[in-house]
Structures are given as C-alpha cells and as structure tokens.
>>> print(open('entry_4.txt').read())   # compact mmCIF, C-alpha atoms
# COMPACT_ATOMS: atom_id res chain seq x y z
CA PRO B 1 -82.42 -35.96 37.58
CA THR B 2 -84.44 -38.73 39.22
CA LEU B 3 -83.03 -41.17 36.64
CA ALA B 4 -79.44 -40.58 37.71
CA PRO B 5 -79.33 -43.10 40.60
CA THR B 6 -80.86 -45.84 38.43
CA ILE B 7 -78.38 -45.20 35.63
CA ALA B 8 -75.44 -45.02 38.02
CA ALA B 9 -76.44 -48.34 39.61
CA ALA B 10 -76.67 -50.00 36.18
CA LEU B 11 -73.16 -48.97 35.14
CA PRO B 12 -70.11 -51.19 35.78
CA ASP B 13 -68.22 -50.46 38.99
CA SER B 14 -65.18 -49.56 36.89
CA ILE B 15 -66.96 -46.39 35.77
CA GLU B 16 -67.02 -44.98 39.30
CA GLY B 17 -65.20 -41.65 39.43
CA PRO B 18 -64.87 -40.96 35.68
CA PRO B 19 -62.97 -37.87 34.54
CA ALA B 20 -66.20 -36.30 33.29
CA VAL B 21 -69.84 -36.85 32.46
CA LEU B 22 -70.82 -35.17 29.19
CA ALA B 23 -74.47 -34.34 28.52
CA MET B 24 -75.35 -33.51 24.94
CA ARG B 25 -77.96 -30.70 24.70
CA ILE B 26 -79.40 -28.47 27.38
CA TYR B 27 -82.46 -30.65 28.04
CA LEU B 28 -80.13 -33.39 29.37
CA ALA B 29 -78.35 -31.04 31.78
CA PRO B 30 -80.42 -32.17 34.82
CA LEU B 31 -79.49 -35.80 34.16
CA GLY B 32 -75.86 -35.03 33.29
CA VAL B 33 -75.18 -32.92 36.38
CA SER B 34 -76.97 -35.36 38.69
CA LEU B 35 -75.18 -38.37 37.20
CA ALA B 36 -71.82 -36.64 37.57
CA ARG B 37 -72.55 -36.15 41.27
CA ASP B 38 -73.68 -39.74 41.79
CA LEU B 39 -70.59 -41.12 40.02
CA SER B 40 -68.20 -38.70 41.76
CA ALA B 41 -67.10 -37.56 38.32
CA GLY B 42 -64.28 -35.07 37.98
CA ARG B 43 -66.40 -32.70 35.89
CA ALA B 44 -69.95 -32.24 34.66
CA VAL B 45 -69.87 -30.92 31.09
CA ILE B 46 -72.89 -29.73 29.09
CA ASP B 47 -72.58 -29.43 25.32
CA ALA B 48 -75.53 -27.19 24.50
CA ASP B 49 -74.56 -27.25 20.80
CA ASP B 50 -76.99 -24.50 19.84
CA ASP B 51 -79.43 -22.09 21.46
CA ASP B 52 -82.67 -24.04 21.72
CA ALA B 53 -84.62 -21.21 23.33
CA THR B 54 -83.85 -18.77 20.51
CA LEU B 55 -84.81 -21.37 17.92
CA LEU B 56 -88.10 -22.13 19.67
CA ARG B 57 -88.95 -18.43 19.87
CA SER B 58 -88.28 -18.06 16.14
CA LEU B 59 -90.77 -20.90 15.58
CA GLY B 60 -93.37 -19.14 17.74
CA ASP B 61 -93.19 -21.60 20.65
CA GLN B 62 -92.78 -19.14 23.52
CA GLU B 63 -93.87 -21.60 26.21
CA SER B 64 -91.18 -24.17 25.35
CA ALA B 65 -88.57 -21.42 24.96
CA CYS B 66 -89.31 -20.14 28.46
CA ALA B 67 -89.12 -23.70 29.80
CA PHE B 68 -85.66 -24.11 28.26
CA ASP B 69 -84.54 -20.84 29.82
CA ARG B 70 -85.78 -21.92 33.26
CA LEU B 71 -84.00 -25.26 32.91
CA ALA B 72 -80.78 -23.55 31.81
CA ARG B 73 -80.87 -21.07 34.70
CA THR B 74 -81.44 -23.91 37.17
CA TRP B 75 -78.88 -26.47 35.97
CA LEU B 76 -76.17 -24.92 33.82
CA PRO B 77 -74.55 -22.97 36.70
CA ASP B 78 -73.92 -26.33 38.41
CA ALA B 79 -71.91 -27.62 35.45
CA ASP B 80 -68.13 -27.29 35.37
CA ALA B 81 -68.15 -26.37 31.69
CA VAL B 82 -70.81 -25.43 29.13
CA PHE B 83 -70.14 -25.41 25.40
CA ALA B 84 -71.99 -24.01 22.38
CA ALA B 85 -71.22 -24.25 18.67
CA SER B 86 -71.07 -20.54 17.86
CA GLU B 87 -70.05 -17.28 19.51
CA ALA B 88 -73.57 -15.88 19.24
CA ASP B 89 -75.17 -18.91 20.88
CA ALA B 90 -72.54 -19.05 23.62
CA ALA B 91 -73.10 -15.39 24.52
CA ALA B 92 -76.90 -15.75 24.53
CA ILE B 93 -76.88 -18.92 26.63
CA ALA B 94 -74.42 -17.46 29.15
CA MET B 95 -76.45 -14.28 29.53
CA ARG B 96 -79.81 -15.98 30.03
CA ALA B 97 -78.46 -18.74 32.30
CA GLY B 98 -76.37 -16.38 34.42
CA LEU B 99 -73.04 -18.03 33.53
CA ASP B 100 -69.64 -16.41 33.82
CA ARG B 101 -68.71 -18.06 30.53
CA CYS B 102 -69.90 -20.48 27.88
CA ASP B 103 -67.07 -21.74 25.69
CA VAL B 104 -67.26 -22.30 21.94
CA VAL B 105 -66.53 -25.68 20.38
CA PRO B 106 -67.38 -25.13 16.71
CA ASN B 107 -68.81 -27.77 14.44
CA THR B 108 -66.55 -28.61 11.53
CA VAL B 109 -67.06 -29.83 8.00
CA THR B 110 -64.64 -31.30 5.48
CA VAL B 111 -64.91 -29.40 2.21
CA PRO B 112 -64.03 -31.56 -0.82
CA THR B 113 -60.90 -30.48 -2.65
CA THR B 114 -62.43 -31.35 -6.01
CA VAL B 115 -66.01 -31.58 -7.19
CA ALA B 116 -67.18 -33.36 -10.32
CA PRO B 117 -68.66 -31.22 -13.11
CA ARG B 118 -72.37 -30.58 -12.79
CA PRO B 119 -74.32 -33.37 -14.50
CA GLY B 120 -76.62 -30.94 -16.32
CA ILE B 121 -79.82 -32.82 -15.54
CA GLU B 122 -81.54 -29.91 -13.78
CA ARG B 123 -81.72 -31.60 -10.39
CA LEU B 124 -82.04 -29.67 -7.11
CA LEU B 125 -80.97 -31.22 -3.81
CA PHE B 126 -81.72 -30.57 -0.14
CA VAL B 127 -79.94 -32.77 2.42
CA GLY B 128 -80.62 -32.73 6.15
CA ASN B 129 -82.19 -34.33 9.18
CA LEU B 130 -85.80 -33.81 8.13
CA THR B 131 -87.16 -34.71 11.57
CA TYR B 132 -85.72 -31.35 12.71
CA GLU B 133 -88.48 -28.76 12.48
CA PRO B 134 -86.52 -25.97 10.69
CA ASN B 135 -85.37 -28.48 8.06
CA ARG B 136 -88.88 -29.88 7.71
CA LEU B 137 -90.31 -26.39 7.18
CA ALA B 138 -87.58 -25.70 4.63
CA ALA B 139 -88.36 -28.91 2.74
CA ARG B 140 -92.06 -28.07 2.55
CA LEU B 141 -91.30 -24.54 1.35
CA LEU B 142 -88.90 -25.84 -1.27
CA ALA B 143 -91.24 -28.53 -2.60
CA SER B 144 -94.56 -26.69 -2.45
CA GLU B 145 -93.57 -23.12 -3.36
CA ILE B 146 -90.06 -22.78 -4.75
CA LEU B 147 -89.94 -25.83 -7.04
CA PRO B 148 -93.31 -25.10 -8.76
CA ALA B 149 -92.13 -21.54 -9.44
CA VAL B 150 -88.87 -22.85 -10.92
CA ARG B 151 -90.66 -25.46 -13.03
CA ARG B 152 -92.82 -22.80 -14.61
CA GLN B 153 -89.62 -21.57 -16.26
CA ARG B 154 -87.75 -24.89 -16.48
CA PRO B 155 -90.28 -27.78 -16.54
CA ALA B 156 -87.62 -30.52 -16.36
CA VAL B 157 -86.24 -29.47 -12.97
CA THR B 158 -86.58 -32.07 -10.20
CA LEU B 159 -85.89 -32.06 -6.47
CA ASP B 160 -84.40 -34.69 -4.18
CA LEU B 161 -85.15 -34.39 -0.44
CA VAL B 162 -82.56 -36.58 1.27
CA GLY B 163 -82.59 -37.40 4.98
CA PRO B 164 -84.62 -39.13 7.68
CA HIS B 165 -88.12 -37.72 8.15
CA GLY B 166 -90.11 -40.38 10.00
CA GLY B 167 -92.85 -40.42 7.37
CA THR B 168 -93.81 -36.79 7.99
CA LEU B 169 -92.86 -35.72 4.45
CA ASP B 170 -94.30 -38.66 2.51
CA ASN B 171 -96.97 -36.38 1.05
CA LEU B 172 -94.28 -34.28 -0.64
CA GLY B 173 -93.30 -37.32 -2.67
CA ARG B 174 -96.59 -36.91 -4.52
CA VAL B 175 -95.64 -33.42 -5.71
CA GLU B 176 -94.61 -33.51 -9.35
CA GLY B 177 -90.84 -33.53 -9.70
CA VAL B 178 -90.11 -34.31 -6.03
CA ARG B 179 -88.40 -37.44 -4.73
CA VAL B 180 -88.31 -38.06 -0.95
CA THR B 181 -85.61 -40.64 -0.22
CA GLY B 182 -85.65 -40.90 3.56
CA ALA B 183 -82.38 -41.82 5.26
CA VAL B 184 -79.60 -43.02 2.95
CA ALA B 185 -76.34 -44.81 3.69
CA ASP B 186 -74.22 -42.34 1.72
CA VAL B 187 -75.16 -38.83 0.59
CA ALA B 188 -72.15 -38.50 -1.75
CA PRO B 189 -73.96 -39.91 -4.83
CA TYR B 190 -76.78 -37.41 -4.35
CA TYR B 191 -74.36 -34.50 -4.21
CA ALA B 192 -72.57 -35.86 -7.28
CA SER B 193 -75.79 -36.05 -9.29
CA ALA B 194 -77.12 -32.63 -8.27
CA ASP B 195 -76.77 -29.43 -10.27
CA VAL B 196 -77.72 -27.10 -7.42
CA VAL B 197 -77.84 -27.67 -3.66
CA VAL B 198 -80.53 -25.56 -2.03
CA VAL B 199 -80.75 -24.46 1.63
CA PRO B 200 -84.02 -22.52 2.13
CA LEU B 201 -83.68 -22.29 5.93
CA ARG B 202 -85.63 -19.55 7.69
CA HIS B 203 -84.93 -20.75 11.24
CA GLY B 204 -81.95 -22.21 13.05
CA THR B 205 -79.04 -21.59 15.40
CA GLY B 206 -75.53 -22.97 15.76
CA THR B 207 -72.99 -22.82 12.95
CA ARG B 208 -75.42 -23.69 10.16
CA ILE B 209 -73.40 -26.57 8.72
CA ASN B 210 -75.92 -26.94 5.87
CA ASP B 211 -75.02 -23.46 4.66
CA LEU B 212 -71.27 -24.04 4.93
CA THR B 213 -71.21 -27.43 3.28
CA GLU B 214 -73.64 -26.81 0.50
CA THR B 215 -72.39 -23.34 -0.41
CA ALA B 216 -68.93 -24.85 -0.82
CA VAL B 217 -70.31 -27.58 -3.10
CA VAL B 218 -72.26 -25.13 -5.25
CA HIS B 219 -69.43 -22.64 -5.71
CA GLN B 220 -66.84 -25.27 -6.56
>>> encode(input="entry_4.txt", output="structure tokens")
Amino acid sequence: PTLAPTIAAALPDSIEGPPAVLAMRIYLAPLGVSLARDLSAGRAVIDADDDDATLLRSLGDQESACAFDRLARTWLPDADAVFAASEADAAAIAMRAGLDRCDVVPNTVTVPTTVAPRPGIERLLFVGNLTYEPNRLAARLLASEILPAVRRQRPAVTLDLVGPHGGTLDNLGRVEGVRVTGAVADVAPYYASADVVVVPLRHGTGTRINDLTETAVVHQ
C-alpha cells in the first residue's frame, strides 16, 4: 500500500477518478485498494483468479498460506467486488476472508471445431507456464517417471515440454526422449504434431484450463 501514492502521482491527471481500479491476484489487493482510494476511483475490484492459500497448503507451504489468509482478511473486505474463477474457490475465499460474497468470473477456452488426425509419431505433449510450481512439478514427474515407464513398452515415444520455465527445467532436456522448448510464439504446431496431450497435475486451483483444453484435444 505504501506504493500507491507514488503510482498515483506518476499517472496522468486524466486518470483521476477512474470508474475502477482492478488488482489482479490477492497479493496485489493492498496496492489495488490503496490506489483506488488515492485516485478517488468509483470501485476497487480484486480478481483473485484462484485460491492461492489452498494451493500453497497443498504444496506444503503452510507459512505462506497463512500469510495469504491474513492478507485476504485484512484487505478484501475493503474492496467493492472480489472475483474468483470457480465456485469452489469463490466460496473458500469468501469464508476465510469474511466476505458476504465473492463472485465467479470463469476462465474460458475456445475448443477447436476440428482437429487434424493424429500424426502417429508417438509424441507426448505438455503445455503450460512452467514457472508455475504445480506445472513444474508435473513436468518433472512426466519426464522423470512417467515417460521412462512408457518407453519401456514403446521405446520410440518422445515428450515435448512447451512453455516458459526460466531455465529451471533445462536438466530435463538431457533426459532421453525429452525436448524442452521454453516459450514459443504459437503452440498450435505442437498440438498438431502431438499424438497425446498429457496433464499430470497433482496440485492446482481455479478452473484447470489445462484439463479442459487438452482433454478436448485428445478426445476429438
């Protein structure tokens, strides 16, 4: 919140009194609410997206989860509206933060109407933001445990890990049959050249877009 006056002063005068200030994610709620006050905004809106505290607890990080809960209890009641991406997350956030309501604004995904025939080259694919800890854990599980087990039955199977990872998964590129691409401009060619899209997620909240998108691709 101490950054709000500096940010408000740096903005053009024409921004004074905006209809709303929108803060994306709970950790930015202190800044979003404070900036809305300083700008005399009509509304302070927090898009929590998903339930960070539940995710952190599932990863064993109790200290950070409790910190998120304290932050939510302190700042979310001062917002005019709080959103989450799923009914379950909205209910959990509202309960722990002491809110009368937390509305749902679901994530959406465009499912292709047609999908090309599988190329038949025995290629597995996992696409995601691989700087996100649940995705990073899934990628390591897929490359180090699942793929070797599959290759014992089908030695030609390969795996593409597609998405930004900040160098944290470079070592997986040395695993036989694994290609780590990093961020790419267009994921469509990777989907088109894959036989099976795999989503080995053990942690996560929200609407699980990976599951929705990739299940649709596989079944079509």
>>> closest_atom_pairs(input="entry_4.txt", of="stretch 2-107 of chain B", to="stretch 124-139 of chain B", cutoff="10 Å", atoms="only C-alpha atoms", output="Markdown table")
| residue | atom | partner | partner_atom | distance |
| --- | --- | --- | --- | --- |
| B:Leu55 | CA | B:Pro134 | CA | 8.7 |
| B:Leu56 | CA | B:Glu133 | CA | 9.8 |
| B:Ser58 | CA | B:Pro134 | CA | 9.8 |
| B:Leu59 | CA | B:Pro134 | CA | 8.2 |
>>> residues_around(input="entry_4.txt", residues="B:Val82", least_positions_apart="6", cutoff="9 Å", atoms="all atoms listed in the file", output="list in words")
Ala44, Val45, Ile46, Asp47, Ala48, Leu76, Ala90, Ala94, Leu99, Arg101, Cys102, Asp103 and Val104 of chain B
>>> closest_residue(input="entry_4.txt", among="B:Pro189, B:Val21, B:Val33, B:Val199", to="B:Thr2", atoms="all atoms listed in the file")
B:Val33
>>> closest_residue(input="entry_4.txt", among="B:Pro117, B:Gly163, B:Pro155, B:Pro200", to="B:Arg179", atoms="all atoms listed in the file")
B:Gly163
>>> axis_aligned_box(input="entry_4.txt", around="stretch 7-19 of chain B", padding_each_side="8 Å", output="AutoDock Vina command-line options")
--center_x -70.7 --center_y -44.5 --center_z 37.1 --size_x 31.4 --size_y 29.3 --size_z 21.1
>>> atom_distance(input="entry_4.txt", atom1="atom CA of B:Asp170", atom2="atom CA of B:Pro148")
17.7 Å
>>> atom_distance(input="entry_4.txt", atom1="atom CA of B:Gly167", atom2="atom CA of B:Val180")
9.8 Å
>>> closest_residue(input="entry_4.txt", among="B:Thr168, B:Ala192, B:Arg25, B:Arg43", to="B:Gly120", atoms="all atoms listed in the file")
B:Ala192
>>> atom_distance(input="entry_4.txt", atom1="atom CA of B:Arg118", atom2="atom CA of B:Thr158")
14.5 Å
>>> closest_residue(input="entry_4.txt", among="B:Arg140, B:Arg57, B:Arg37, B:Arg70", to="B:Gly173", atoms="only C-alpha atoms")
B:Arg140
>>> residues_around(input="entry_4.txt", residues="B:Val157", least_positions_apart="5", cutoff="7 Å", atoms="all atoms listed in the file", output="ChimeraX atom specification")
/B:122-123,151,177
>>> write_last_selection(input="entry_4.txt", atoms="C-alpha atoms", output="CSV table (one decimal), in the coordinates of the input")
chain,number,residue,atom,x,y,z
B,122,GLU,CA,-81.5,-29.9,-13.8
B,123,ARG,CA,-81.7,-31.6,-10.4
B,151,ARG,CA,-90.7,-25.5,-13.0
B,177,GLY,CA,-90.8,-33.5,-9.7
>>> residues_near_point(input="entry_4.txt", point="(-75.4, -44.0, 40.6)", cutoff="6 Å", atoms="all atoms listed in the file", output="NGL selection string")
:B and (5 or 7-9 or 38-39)
>>> closest_residue(input="entry_4.txt", among="B:Thr181, B:Ser64, B:Thr6, B:Asn107", to="B:Glu87", atoms="all atoms listed in the file")
B:Asn107
>>> decode(input="entry_4.txt", residues="stretch 7-30 of chain B", atoms="N, CA and C atoms", output="PDB file, in the first residue's frame")
ATOM      1  N   ILE B   7       2.592   5.753  -7.251  1.00  0.00           N
ATOM      2  CA  ILE B   7       1.986   5.371  -8.528  1.00  0.00           C
ATOM      3  C   ILE B   7       0.932   6.383  -8.943  1.00  0.00           C
ATOM      4  N   ALA B   8       0.117   6.818  -7.996  1.00  0.00           N
ATOM      5  CA  ALA B   8      -0.923   7.800  -8.318  1.00  0.00           C
ATOM      6  C   ALA B   8      -0.314   9.094  -8.840  1.00  0.00           C
ATOM      7  N   ALA B   9       0.802   9.526  -8.234  1.00  0.00           N
ATOM      8  CA  ALA B   9       1.445  10.766  -8.659  1.00  0.00           C
ATOM      9  C   ALA B   9       2.062  10.637 -10.048  1.00  0.00           C
ATOM     10  N   ALA B  10       2.451   9.416 -10.435  1.00  0.00           N
ATOM     11  CA  ALA B  10       3.085   9.216 -11.732  1.00  0.00           C
ATOM     12  C   ALA B  10       2.083   9.087 -12.871  1.00  0.00           C
ATOM     13  N   LEU B  11       0.818   8.899 -12.553  1.00  0.00           N
ATOM     14  CA  LEU B  11      -0.201   8.729 -13.587  1.00  0.00           C
ATOM     15  C   LEU B  11      -0.649  10.078 -14.134  1.00  0.00           C
ATOM     16  N   PRO B  12      -1.101  10.115 -15.384  1.00  0.00           N
ATOM     17  CA  PRO B  12      -1.619  11.386 -15.943  1.00  0.00           C
ATOM     18  C   PRO B  12      -2.817  11.890 -15.144  1.00  0.00           C
ATOM     19  N   ASP B  13      -2.979  13.208 -15.109  1.00  0.00           N
ATOM     20  CA  ASP B  13      -4.096  13.797 -14.374  1.00  0.00           C
ATOM     21  C   ASP B  13      -5.445  13.315 -14.899  1.00  0.00           C
ATOM     22  N   SER B  14      -5.478  12.925 -16.169  1.00  0.00           N
ATOM     23  CA  SER B  14      -6.747  12.491 -16.763  1.00  0.00           C
ATOM     24  C   SER B  14      -7.265  11.202 -16.147  1.00  0.00           C
ATOM     25  N   ILE B  15      -6.405  10.485 -15.417  1.00  0.00           N
ATOM     26  CA  ILE B  15      -6.812   9.223 -14.810  1.00  0.00           C
ATOM     27  C   ILE B  15      -7.482   9.447 -13.457  1.00  0.00           C
ATOM     28  N   GLU B  16      -7.459  10.651 -12.958  1.00  0.00           N
ATOM     29  CA  GLU B  16      -8.098  10.939 -11.666  1.00  0.00           C
ATOM     30  C   GLU B  16      -9.579  10.560 -11.713  1.00  0.00           C
ATOM     31  N   GLY B  17     -10.028   9.847 -10.696  1.00  0.00           N
ATOM     32  CA  GLY B  17     -11.424   9.442 -10.610  1.00  0.00           C
ATOM     33  C   GLY B  17     -11.846   8.411 -11.637  1.00  0.00           C
ATOM     34  N   PRO B  18     -11.064   7.354 -11.865  1.00  0.00           N
ATOM     35  CA  PRO B  18     -11.461   6.335 -12.839  1.00  0.00           C
ATOM     36  C   PRO B  18     -12.659   5.542 -12.327  1.00  0.00           C
ATOM     37  N   PRO B  19     -13.391   4.879 -13.234  1.00  0.00           N
ATOM     38  CA  PRO B  19     -14.523   4.072 -12.788  1.00  0.00           C
ATOM     39  C   PRO B  19     -14.127   2.971 -11.805  1.00  0.00           C
ATOM     40  N   ALA B  20     -12.929   2.411 -12.000  1.00  0.00           N
ATOM     41  CA  ALA B  20     -12.498   1.322 -11.113  1.00  0.00           C
ATOM     42  C   ALA B  20     -10.990   1.150 -11.191  1.00  0.00           C
ATOM     43  N   VAL B  21     -10.441   0.597 -10.145  1.00  0.00           N
ATOM     44  CA  VAL B  21      -9.072   0.089 -10.146  1.00  0.00           C
ATOM     45  C   VAL B  21      -9.169  -1.418  -9.961  1.00  0.00           C
ATOM     46  N   LEU B  22      -8.589  -2.163 -10.884  1.00  0.00           N
ATOM     47  CA  LEU B  22      -8.637  -3.622 -10.853  1.00  0.00           C
ATOM     48  C   LEU B  22      -7.266  -4.164 -10.478  1.00  0.00           C
ATOM     49  N   ALA B  23      -7.206  -4.936  -9.413  1.00  0.00           N
ATOM     50  CA  ALA B  23      -5.968  -5.589  -8.992  1.00  0.00           C
ATOM     51  C   ALA B  23      -6.082  -7.077  -9.315  1.00  0.00           C
ATOM     52  N   MET B  24      -5.119  -7.578 -10.047  1.00  0.00           N
ATOM     53  CA  MET B  24      -5.118  -8.981 -10.430  1.00  0.00           C
ATOM     54  C   MET B  24      -4.326  -9.792  -9.411  1.00  0.00           C
ATOM     55  N   ARG B  25      -4.970 -10.688  -8.713  1.00  0.00           N
ATOM     56  CA  ARG B  25      -4.445 -11.595  -7.702  1.00  0.00           C
ATOM     57  C   ARG B  25      -4.524 -10.958  -6.317  1.00  0.00           C
ATOM     58  N   ILE B  26      -4.679 -11.829  -5.327  1.00  0.00           N
ATOM     59  CA  ILE B  26      -4.891 -11.382  -3.953  1.00  0.00           C
ATOM     60  C   ILE B  26      -3.688 -10.612  -3.422  1.00  0.00           C
ATOM     61  N   TYR B  27      -2.477 -11.008  -3.809  1.00  0.00           N
ATOM     62  CA  TYR B  27      -1.299 -10.345  -3.227  1.00  0.00           C
ATOM     63  C   TYR B  27      -1.204  -8.876  -3.623  1.00  0.00           C
ATOM     64  N   LEU B  28      -1.944  -8.459  -4.680  1.00  0.00           N
ATOM     65  CA  LEU B  28      -1.951  -7.051  -5.068  1.00  0.00           C
ATOM     66  C   LEU B  28      -3.132  -6.285  -4.484  1.00  0.00           C
ATOM     67  N   ALA B  29      -3.934  -6.945  -3.650  1.00  0.00           N
ATOM     68  CA  ALA B  29      -5.080  -6.265  -3.053  1.00  0.00           C
ATOM     69  C   ALA B  29      -4.678  -5.028  -2.244  1.00  0.00           C
ATOM     70  N   PRO B  30      -3.618  -5.069  -1.418  1.00  0.00           N
ATOM     71  CA  PRO B  30      -3.255  -3.861  -0.663  1.00  0.00           C
ATOM     72  C   PRO B  30      -2.958  -2.672  -1.568  1.00  0.00           C
TER      73      PRO B  30
END
